[in-house]
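Colleague: input_37.csv is reproduced in full below (CSV, C-alpha atoms).
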chain,number,residue,atom,x,y,z
R,200,MET,CA,-14.4,7.6,-21.2
R,201,LEU,CA,-11.4,6.2,-22.9
R,202,THR,CA,-12.6,7.5,-26.3
R,203,SER,CA,-13.0,11.0,-25.0
R,204,GLN,CA,-10.5,13.7,-25.8
R,205,ALA,CA,-9.0,13.5,-22.2
R,206,GLY,CA,-8.9,9.7,-22.5
R,207,ILE,CA,-7.0,9.8,-25.8
R,208,ALA,CA,-4.6,12.4,-24.3
R,209,ARG,CA,-3.8,10.2,-21.3
R,210,LEU,CA,-3.3,7.2,-23.6
R,211,ALA,CA,-0.9,9.3,-25.8
R,212,ALA,CA,1.0,10.3,-22.6
R,213,LEU,CA,1.4,6.6,-21.8
R,214,GLY,CA,2.8,6.0,-25.2
R,215,ARG,CA,5.3,8.9,-24.9
R,216,ASN,CA,6.6,8.1,-21.4
R,217,ARG,CA,8.5,4.8,-21.4
R,218,ARG,CA,9.9,3.9,-18.0
R,219,PRO,CA,13.6,3.4,-17.7
R,220,GLY,CA,14.6,-0.3,-17.6
R,221,ILE,CA,12.0,-1.7,-19.9
R,222,SER,CA,12.4,-2.4,-23.6
R,223,THR,CA,10.5,-0.9,-26.4
R,224,LYS,CA,8.8,-4.2,-27.0
R,225,GLN,CA,7.7,-4.5,-23.4
R,226,HIS,CA,6.5,-1.0,-23.4
R,227,ILE,CA,4.3,-1.7,-26.5
R,228,ILE,CA,2.9,-4.9,-24.8
R,229,GLU,CA,2.0,-2.9,-21.7
R,230,LEU,CA,0.5,-0.1,-23.7
R,231,GLY,CA,-1.7,-2.7,-25.4
R,232,LYS,CA,-2.8,-4.0,-22.0
R,233,TYR,CA,-3.9,-0.5,-21.0
R,234,VAL,CA,-5.9,0.0,-24.2
R,235,SER,CA,-7.6,-3.4,-23.8
R,236,LEU,CA,-8.4,-2.8,-20.1
R,237,GLY,CA,-9.7,0.7,-20.8
R,238,LEU,CA,-12.0,-0.5,-23.5
R,239,MET,CA,-13.4,-3.4,-21.5
R,240,SER,CA,-13.8,-1.6,-18.2
R,241,GLY,CA,-16.5,0.9,-19.0
R,242,ASN,CA,-19.2,0.6,-16.3
R,243,PRO,CA,-21.5,3.7,-15.9
R,244,SER,CA,-23.0,2.3,-12.7
R,245,PHE,CA,-19.6,2.5,-11.0
R,246,GLU,CA,-18.3,6.0,-10.5
R,247,LEU,CA,-14.5,6.1,-10.1
R,248,GLN,CA,-12.8,8.1,-7.4
R,249,LEU,CA,-10.3,10.4,-9.2
R,250,PRO,CA,-7.1,11.8,-7.8
R,251,ALA,CA,-7.6,14.8,-5.6
R,252,ALA,CA,-7.2,18.1,-7.5
R,253,GLY,CA,-4.5,20.4,-6.2
R,254,SER,CA,-2.7,17.7,-4.2
R,255,PRO,CA,1.0,17.2,-4.2
R,256,LYS,CA,2.3,15.6,-7.3
R,257,LEU,CA,5.1,13.0,-7.9
R,258,GLN,CA,8.5,14.7,-7.9
R,259,LYS,CA,9.7,14.9,-11.5
R,260,GLY,CA,12.8,12.6,-12.0
R,261,SER,CA,12.1,10.4,-9.0
R,262,ARG,CA,11.6,6.7,-9.5
R,263,TRP,CA,7.9,6.9,-8.7
R,264,SER,CA,7.3,9.8,-11.2
R,265,TYR,CA,7.6,7.3,-14.1
R,266,PHE,CA,4.4,5.7,-12.8
R,267,SER,CA,2.4,8.9,-12.6
R,268,ASN,CA,0.8,8.6,-16.1
R,269,GLU,CA,0.0,4.9,-15.7
R,270,LEU,CA,-1.6,5.4,-12.3
R,271,ASN,CA,-3.7,8.3,-13.5
R,272,TYR,CA,-4.8,6.3,-16.6
R,273,THR,CA,-5.6,3.3,-14.4
R,274,VAL,CA,-7.8,5.1,-11.9
R,275,GLN,CA,-9.6,7.1,-14.5
R,276,HIS,CA,-10.3,4.5,-17.2
R,277,ILE,CA,-10.1,1.0,-15.7
R,278,HIS,CA,-12.7,-0.6,-13.4
R,279,PRO,CA,-11.3,-1.7,-10.0
R,280,ARG,CA,-12.2,-5.3,-10.8
R,281,ASP,CA,-9.4,-5.2,-13.4
R,282,TYR,CA,-6.8,-3.4,-11.4
R,283,LEU,CA,-4.7,-6.5,-10.7
R,284,ARG,CA,-4.3,-6.9,-14.5
R,285,ALA,CA,-2.9,-3.3,-14.9
R,286,PRO,CA,0.9,-3.3,-15.3
R,287,VAL,CA,1.4,-0.4,-12.9
R,288,VAL,CA,-0.4,-2.2,-10.1
R,289,ALA,CA,1.7,-5.4,-10.6
R,290,ARG,CA,4.9,-3.3,-10.5
R,291,THR,CA,4.0,-1.1,-7.5
R,292,THR,CA,1.9,-3.2,-5.1
R,293,ALA,CA,2.1,-6.7,-3.5
R,294,ASN,CA,0.3,-9.0,-6.0
R,295,PRO,CA,-1.7,-11.9,-4.4
R,296,ARG,CA,-1.2,-14.0,-7.6
R,297,ASN,CA,2.5,-14.4,-6.6
R,298,SER,CA,1.4,-16.2,-3.4
R,299,PRO,CA,0.9,-20.0,-3.2
R,300,THR,CA,-2.7,-21.4,-3.6
R,301,THR,CA,-2.3,-23.4,-0.4
R,302,ARG,CA,-2.0,-21.7,3.0
R,303,VAL,CA,1.6,-21.5,4.1
R,304,ALA,CA,1.5,-18.4,6.3
R,305,PRO,CA,1.1,-19.1,10.0
R,306,THR,CA,-2.1,-18.1,11.8
R,307,CYS,CA,-1.9,-14.5,13.2
R,308,TRP,CA,-3.5,-12.2,15.7
R,309,ALA,CA,-5.8,-10.9,13.0
R,310,GLU,CA,-6.9,-14.3,11.7
R,311,GLY,CA,-10.6,-13.7,11.7
R,312,THR,CA,-10.3,-10.4,9.8
R,313,VAL,CA,-7.8,-11.9,7.4
R,314,LYS,CA,-10.1,-14.7,6.5
R,315,GLU,CA,-13.1,-12.4,6.2
R,316,LEU,CA,-11.4,-10.0,3.9
R,317,SER,CA,-9.6,-12.7,1.9
R,318,ASN,CA,-13.0,-14.3,1.1
R,319,LEU,CA,-14.3,-10.9,-0.1
R,320,LEU,CA,-11.2,-10.1,-2.1
R,321,ALA,CA,-11.2,-13.5,-3.8
R,322,LYS,CA,-14.9,-13.1,-4.7
R,323,SER,CA,-14.2,-9.6,-6.1
R,324,TYR,CA,-11.0,-10.7,-8.0
R,325,PRO,CA,-11.9,-14.2,-9.5
R,326,ALA,CA,-8.3,-14.7,-10.9
R,327,THR,CA,-7.1,-15.0,-7.2
R,328,THR,CA,-7.9,-17.5,-4.5
R,329,VAL,CA,-8.8,-17.1,-0.8
R,330,THR,CA,-5.6,-18.7,0.3
R,331,GLN,CA,-3.5,-16.4,-1.9
R,332,TRP,CA,-5.0,-13.4,-0.2
R,333,GLU,CA,-4.6,-15.1,3.2
R,334,ASN,CA,-0.9,-15.7,2.6
R,335,LEU,CA,-0.5,-12.1,1.6
R,336,LEU,CA,-2.5,-10.5,4.4
R,337,ALA,CA,-1.3,-12.8,7.2
R,338,LYS,CA,2.3,-12.2,6.3
R,339,SER,CA,2.1,-8.6,7.4
R,340,GLN,CA,0.3,-9.3,10.6
R,341,CYS,CA,2.6,-12.2,11.5
R,342,THR,CA,5.6,-10.1,11.0
R,343,THR,CA,4.3,-7.3,13.2
R,344,GLU,CA,3.1,-9.8,15.8
R,345,GLY,CA,6.6,-11.4,16.0
R,346,LEU,CA,8.2,-8.0,16.6
R,347,PHE,CA,5.7,-7.2,19.3
R,348,GLN,CA,6.6,-10.4,21.1
R,349,THR,CA,10.3,-9.6,20.8
R,350,ALA,CA,9.8,-6.1,22.2
R,351,GLY,CA,7.4,-7.4,25.0
R,352,LEU,CA,4.5,-5.2,23.8
R,353,ALA,CA,0.9,-6.2,24.5
R,354,PRO,CA,-0.9,-7.3,21.3
R,355,GLU,CA,-3.9,-5.1,22.2
R,356,LEU,CA,-1.7,-2.0,21.7
R,357,TYR,CA,-1.8,-2.6,17.9
R,358,GLN,CA,-5.6,-2.4,17.8
R,359,ASP,CA,-5.9,0.3,20.4
R,360,THR,CA,-3.5,2.8,18.7
R,361,ARG,CA,-4.5,4.8,15.7
R,362,LEU,CA,-2.4,3.7,12.7
R,363,ILE,CA,-1.0,6.1,10.1
R,364,GLU,CA,0.2,4.1,7.1
R,365,LEU,CA,2.8,5.8,4.9
R,366,GLY,CA,2.3,4.4,1.4
R,367,SER,CA,-0.5,1.9,1.3
R,368,GLY,CA,-0.2,0.4,-2.1
R,369,PHE,CA,-3.3,-1.6,-3.1
R,370,GLY,CA,-4.7,-0.9,0.3
R,371,ALA,CA,-5.5,-4.5,1.5
R,372,HIS,CA,-3.2,-4.4,4.6
R,373,SER,CA,-4.7,-1.1,5.7
R,374,PHE,CA,-8.2,-2.6,5.2
R,375,VAL,CA,-7.3,-5.4,7.7
R,376,ASN,CA,-6.1,-2.8,10.2
R,377,ALA,CA,-9.1,-0.5,9.8
R,378,GLU,CA,-11.5,-3.4,10.4
R,379,ARG,CA,-9.7,-4.3,13.6
R,380,THR,CA,-9.0,-0.9,15.0
R,381,ARG,CA,-10.4,0.1,18.4
R,382,SER,CA,-8.9,3.6,18.1
R,383,ARG,CA,-11.1,6.6,18.9
R,384,LEU,CA,-10.2,8.2,15.6
R,385,ASN,CA,-9.9,6.8,12.1
R,386,ASN,CA,-6.7,5.1,10.8
R,387,LEU,CA,-5.1,7.3,8.1
R,388,ASN,CA,-3.5,6.3,4.8
R,389,PHE,CA,-0.9,8.8,3.5
R,390,ASP,CA,0.1,8.4,-0.2
R,391,ILE,CA,0.4,10.2,-3.5
R,392,PRO,CA,-3.0,11.3,-4.9
R,393,GLU,CA,-3.0,8.7,-7.7
R,394,MET,CA,-2.4,5.8,-5.4
R,395,LEU,CA,-5.0,7.0,-2.9
R,396,ALA,CA,-7.6,7.1,-5.6
R,397,LEU,CA,-6.7,3.5,-6.5
R,398,GLN,CA,-7.1,2.5,-2.8
R,399,GLN,CA,-10.4,4.3,-2.5
R,400,ASN,CA,-11.7,2.7,-5.7
R,401,VAL,CA,-10.8,-0.8,-4.4
R,402,LEU,CA,-12.5,-0.2,-1.1
R,403,LYS,CA,-15.6,1.3,-2.9
R,404,TYR,CA,-15.6,-1.8,-5.2
R,405,LEU,CA,-15.5,-4.2,-2.2
R,406,ARG,CA,-18.3,-2.3,-0.5
R,407,TRP,CA,-20.4,-2.3,-3.7
R,408,ASN,CA,-19.7,-6.0,-4.4
R,409,SER,CA,-20.4,-7.2,-0.9
R,410,GLY,CA,-23.3,-4.9,0.0
R,411,ASN,CA,-21.4,-4.0,3.2
R,412,TYR,CA,-21.2,-0.2,2.9
R,413,GLY,CA,-19.7,0.1,6.4
R,414,LEU,CA,-16.6,-1.9,5.5
R,415,CYS,CA,-13.5,-0.2,6.8
R,416,SER,CA,-15.5,2.8,7.9
R,417,LYS,CA,-12.7,3.9,10.3
R,418,LEU,CA,-10.2,4.7,7.5
R,419,SER,CA,-9.4,8.1,6.1
R,420,PHE,CA,-7.1,9.2,3.2
R,421,THR,CA,-4.8,12.1,2.6
R,422,SER,CA,-1.9,13.2,0.3
R,423,SER,CA,-1.4,16.5,2.1
R,424,HIS,CA,1.6,16.9,4.4
R,425,GLU,CA,-0.2,19.7,6.3
R,426,GLU,CA,-3.3,17.5,6.9
R,427,LEU,CA,-1.0,14.5,7.9
R,428,PHE,CA,0.8,16.5,10.6
R,429,LYS,CA,-2.4,18.1,11.8
R,430,GLU,CA,-4.1,14.7,12.1
R,431,ALA,CA,-1.1,13.3,14.0
R,432,ARG,CA,-1.5,16.0,16.6
R,433,ARG,CA,-5.1,15.0,17.4
R,434,ASP,CA,-4.3,11.8,19.3
R,435,THR,CA,-1.8,9.1,20.1
R,436,TYR,CA,-0.8,7.3,16.9
R,437,ALA,CA,1.7,4.8,15.4
R,438,ILE,CA,3.4,4.7,12.0
R,439,VAL,CA,3.2,1.7,9.7
R,440,SER,CA,5.0,1.4,6.3
R,441,HIS,CA,5.7,-1.6,4.1
R,442,TYR,CA,8.6,-0.6,1.9
R,443,ALA,CA,7.2,2.8,1.0
R,444,TYR,CA,9.0,5.0,3.6
R,445,THR,CA,12.4,3.6,2.7
R,446,GLU,CA,11.6,4.3,-1.0
R,447,PHE,CA,11.0,8.0,-0.2
R,448,SER,CA,13.7,10.5,-1.2
R,449,LEU,CA,16.0,11.4,1.6
R,450,ALA,CA,14.4,14.8,1.7
R,451,GLU,CA,11.0,13.3,2.1
R,452,ARG,CA,12.2,10.9,4.8
R,453,GLU,CA,13.7,13.9,6.7
R,454,ARG,CA,10.3,15.6,6.6
R,455,MET,CA,8.8,12.7,8.5
R,456,VAL,CA,11.4,12.4,11.3
R,457,GLN,CA,9.4,14.4,13.8
R,458,LEU,CA,6.3,12.4,12.9
R,459,ILE,CA,8.3,9.2,13.7
R,460,ALA,CA,9.7,10.7,16.9
R,461,ASP,CA,6.3,11.5,18.3
R,462,ALA,CA,4.7,8.1,17.3
R,463,SER,CA,4.0,5.5,20.0
R,464,PHE,CA,5.7,2.9,17.9
R,465,VAL,CA,6.9,2.6,14.3
R,466,CYS,CA,6.7,-0.6,12.1
R,467,LEU,CA,8.7,-0.6,8.9
R,468,VAL,CA,9.4,-3.3,6.3
R,469,ALA,CA,12.3,-2.6,4.0
R,470,ASN,CA,14.6,-4.1,1.4
R,471,GLN,CA,18.3,-4.3,2.5
R,472,HIS,CA,19.2,-1.5,0.1
R,473,TYR,CA,17.4,1.1,-1.9
R,474,GLU,CA,19.2,3.0,-4.6
R,475,GLY,CA,22.5,2.3,-3.1
R,476,LEU,CA,21.6,3.2,0.5
R,477,SER,CA,21.7,0.7,3.3
R,478,ASN,CA,18.3,0.8,5.0
R,479,TYR,CA,19.6,-1.1,8.0
R,480,ASP,CA,22.2,1.7,8.6
R,481,TYR,CA,19.6,4.4,7.9
R,482,ILE,CA,16.9,3.0,10.2
R,483,SER,CA,19.5,2.3,13.0
R,484,GLU,CA,20.6,5.9,12.9
R,485,LEU,CA,17.0,7.1,12.7
R,486,ALA,CA,16.2,5.1,15.9
R,487,ASN,CA,19.0,6.8,17.7
R,488,ARG,CA,18.0,10.3,16.4
R,489,VAL,CA,14.4,9.9,17.7
R,490,GLY,CA,15.3,8.2,21.0
R,491,LYS,CA,13.6,4.9,20.3
R,492,THR,CA,14.8,1.3,20.8
R,493,LEU,CA,15.2,-0.7,17.6
R,494,HIS,CA,13.9,-4.3,17.3
R,495,LEU,CA,14.3,-6.2,14.0
R,496,GLY,CA,13.4,-9.5,12.5
R,497,PRO,CA,12.8,-11.3,9.2
R,498,VAL,CA,9.7,-10.7,7.2
R,499,CYS,CA,7.3,-13.6,7.9
R,500,ASN,CA,7.1,-15.0,4.3
R,501,PRO,CA,7.7,-18.7,4.3
R,502,ASN,CA,6.7,-19.0,0.6
R,503,GLN,CA,9.5,-16.8,-0.6
R,504,GLU,CA,12.4,-17.5,1.6
R,505,LYS,CA,15.1,-16.8,-1.0
R,506,HIS,CA,13.5,-13.5,-1.9
R,507,THR,CA,13.1,-12.3,1.7
R,508,ARG,CA,16.6,-12.9,2.9
R,509,ASN,CA,17.2,-9.3,2.0
R,510,HIS,CA,14.0,-8.0,3.5
R,511,THR,CA,13.8,-6.9,7.2
R,512,ALA,CA,11.1,-5.8,9.5
R,513,TYR,CA,11.9,-3.0,12.0
R,514,LEU,CA,10.0,-1.9,15.2
R,515,LEU,CA,11.0,1.4,16.8
R,516,VAL,CA,9.5,1.9,20.2
Spell out the structure here as structure tokens.
Modeller:
Amino acid sequence: MLTSQAGIARLAALGRNRRPGISTKQHIIELGKYVSLGLMSGNPSFELQLPAAGSPKLQKGSRWSYFSNELNYTVQHIHPRDYLRAPVVARTTANPRNSPTTRVAPTCWAEGTVKELSNLLAKSYPATTVTQWENLLAKSQCTTEGLFQTAGLAPELYQDTRLIELGSGFGAHSFVNAERTRSRLNNLNFDIPEMLALQQNVLKYLRWNSGNYGLCSKLSFTSSHEELFKEARRDTYAIVSHYAYTEFSLAERERMVQLIADASFVCLVANQHYEGLSNYDYISELANRVGKTLHLGPVCNPNQEKHTRNHTAYLLV
């Protein structure tokens, strides 16, 4: 509970740890939002999934380490129905409320699943609309579909290959892929423990809210490098990552090189630069290192053309 000793300690930690780049006033406003959400979110009938104990933690001093306390507070004291209102979720995941309320994204190869999940998500998050979710979810699928066409790959390959997603954010894109997969083994989300707990809570909430407890049954979660590499050896797999991989430290990226080399294909979406590094140059060099052909194209996001001029989708195959 928020009023417990642990809850008060987590709230105090939020107050002490102001992220670089935001003013004292903004910090106080966001802290007030967390207090409000924590007080209104109590629901004893819904048991929250907490971050896994003993799992790797965010590296101190990294950009993402500043979100650690906020993520922990969110997954332990805020009901999943209110996650989109939490400042840390708005800052670290794709927010459907930034999408148009009319459908602008083209139809895609996952259209049926996109519509099904968009209806469920809009029902579960009343401040959003079905078309906002459709625009968000179809954008990812259309981008990948376009790259597959460029590379001459059969669309069925995306469904038939086990997908390992590096950094899954809110989880909605991985839910679409898990519902469509025809892989023998589960798809796998790899993320920091705090974000995995958020994804698991969202999925649990969608199951609970819809009565469909088999939703996305072919999806597993891990924050352990050892388990990630072990799982990758079990079967053919592909790598998917929307921005997350190119926001890893260079040391963490290097740790994933062999994983990328052994993948059937790799789909990445990245900003043009991250912390002064050209992602185009980095990914081009990476493709050469692992012996894969690089295909690239724009992110399919017609509702934010100006914003996405600096965003590129990459396919390594």
Colleague: Please determine, counting all atoms listed in the file, which residue among R:Gly231, R:Ser317, R:Ala326, R:Ser298 has the shortest atom-to-atom distance to R:Pro286.
Modeller: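 Closest residue, counting all atoms listed in the file: R:Gly231.
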Colleague: Between atom CA of R:Pro279 and atom CA of R:Ala251, what distance in Å does the model show, to one decimal?
Modeller: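 Rounded to one decimal, the two atoms are 17.5 Å apart.
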Colleague: So which residues touch stretch 483-493 of chain R within 7 Å, counting all atoms listed in the file, skipping near sequence neighbours fewer than 6 positions away, as a ChimeraX atom specification?
Modeller: /R:460,513-516
Colleague: Can you list, as a PyMOL selection string, every protein, DNA or RNA residue that comes within 12 Å of R:Lys403 when you count all atoms listed in the file, leaving out same-chain residues fewer than 6 positions away?
Modeller: chain R and resi 245-248+278-280+323+370+374+396-397+409-416
Colleague: Atom CA of R:Thr300 to atom CA of R:Val329: how many Å, to one decimal?
Modeller: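 Atom-to-atom, atom CA of R:Thr300 to atom CA of R:Val329, that is 8.0 Å.
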Colleague: So, with all atoms listed in the file as the atoms that count, which of R:Ala211, R:Ala371, R:Cys307, R:Leu283 lies closest to R:Glu344?
Modeller: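 Once distances to R:Glu344 are computed over all atoms listed in the file, the minimum belongs to R:Cys307.
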Colleague: Counting all atoms listed in the file, figure out which residue out of R:Thr445, R:Ser440, R:Trp308, R:Pro325 gets nearest to R:Asp480.
Modeller: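 Closest residue, counting all atoms listed in the file: R:Thr445.
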Colleague: When distances are computed from only C-alpha atoms, which of R:Leu418, R:Ile459, R:Ile391, R:Ala443 shows the smallest separation from R:Asn376?
Modeller: R:Leu418
Colleague: Quick one: residues within 10 Å of (1.0, 9.8, 18.4) (file frame), counting all atoms listed in the file, please, as a ChimeraX atom specification.
Modeller: /R:360-363,430-438,458-464
Colleague: Interatomic distance between atom CA of R:Asn268 and atom CA of R:Gly220?
Modeller: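 Computed distance, atom CA of R:Asn268 to atom CA of R:Gly220, equals 16.5 Å.
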Colleague: Compare R:Gln399, R:Leu336, R:Glu393, R:Arg381 by their minimum atom-to-atom distance to R:Glu355, counting only C-alpha atoms, and give me the closest one.
Modeller: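 The closest residue to R:Glu355 is R:Arg381.
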Colleague: Could you tell me which of R:Asn271, R:Pro392, R:Val498, R:Ala377 comes closest to R:Gly345 if we count all atoms listed in the file?
Modeller: R:Val498
Colleague: Near R:Val313, within 12 Å and counting only C-alpha atoms, which residues show up once chain neighbours fewer than 4 positions away are dropped, as a ChimeraX atom specification?
Modeller: /R:304-309,317-321,329-341,371-379
Colleague: Would you output that residue set with C-alpha atoms, as an mmCIF file, in the coordinates of the input?
Modeller:
data_model
loop_
_atom_site.group_PDB
_atom_site.id
_atom_site.type_symbol
_atom_site.label_atom_id
_atom_site.label_comp_id
_atom_site.auth_asym_id
_atom_site.auth_seq_id
_atom_site.Cartn_x
_atom_site.Cartn_y
_atom_site.Cartn_z
ATOM 1 C CA ALA R 304 1.500 -18.400 6.300
ATOM 2 C CA PRO R 305 1.100 -19.100 10.000
ATOM 3 C CA THR R 306 -2.100 -18.100 11.800
ATOM 4 C CA CYS R 307 -1.900 -14.500 13.200
ATOM 5 C CA TRP R 308 -3.500 -12.200 15.700
ATOM 6 C CA ALA R 309 -5.800 -10.900 13.000
ATOM 7 C CA SER R 317 -9.600 -12.700 1.900
ATOM 8 C CA ASN R 318 -13.000 -14.300 1.100
ATOM 9 C CA LEU R 319 -14.300 -10.900 -0.100
ATOM 10 C CA LEU R 320 -11.200 -10.100 -2.100
ATOM 11 C CA ALA R 321 -11.200 -13.500 -3.800
ATOM 12 C CA VAL R 329 -8.800 -17.100 -0.800
ATOM 13 C CA THR R 330 -5.600 -18.700 0.300
ATOM 14 C CA GLN R 331 -3.500 -16.400 -1.900
ATOM 15 C CA TRP R 332 -5.000 -13.400 -0.200
ATOM 16 C CA GLU R 333 -4.600 -15.100 3.200
ATOM 17 C CA ASN R 334 -0.900 -15.700 2.600
ATOM 18 C CA LEU R 335 -0.500 -12.100 1.600
ATOM 19 C CA LEU R 336 -2.500 -10.500 4.400
ATOM 20 C CA ALA R 337 -1.300 -12.800 7.200
ATOM 21 C CA LYS R 338 2.300 -12.200 6.300
ATOM 22 C CA SER R 339 2.100 -8.600 7.400
ATOM 23 C CA GLN R 340 0.300 -9.300 10.600
ATOM 24 C CA CYS R 341 2.600 -12.200 11.500
ATOM 25 C CA ALA R 371 -5.500 -4.500 1.500
ATOM 26 C CA HIS R 372 -3.200 -4.400 4.600
ATOM 27 C CA SER R 373 -4.700 -1.100 5.700
ATOM 28 C CA PHE R 374 -8.200 -2.600 5.200
ATOM 29 C CA VAL R 375 -7.300 -5.400 7.700
ATOM 30 C CA ASN R 376 -6.100 -2.800 10.200
ATOM 31 C CA ALA R 377 -9.100 -0.500 9.800
ATOM 32 C CA GLU R 378 -11.500 -3.400 10.400
ATOM 33 C CA ARG R 379 -9.700 -4.300 13.600
#
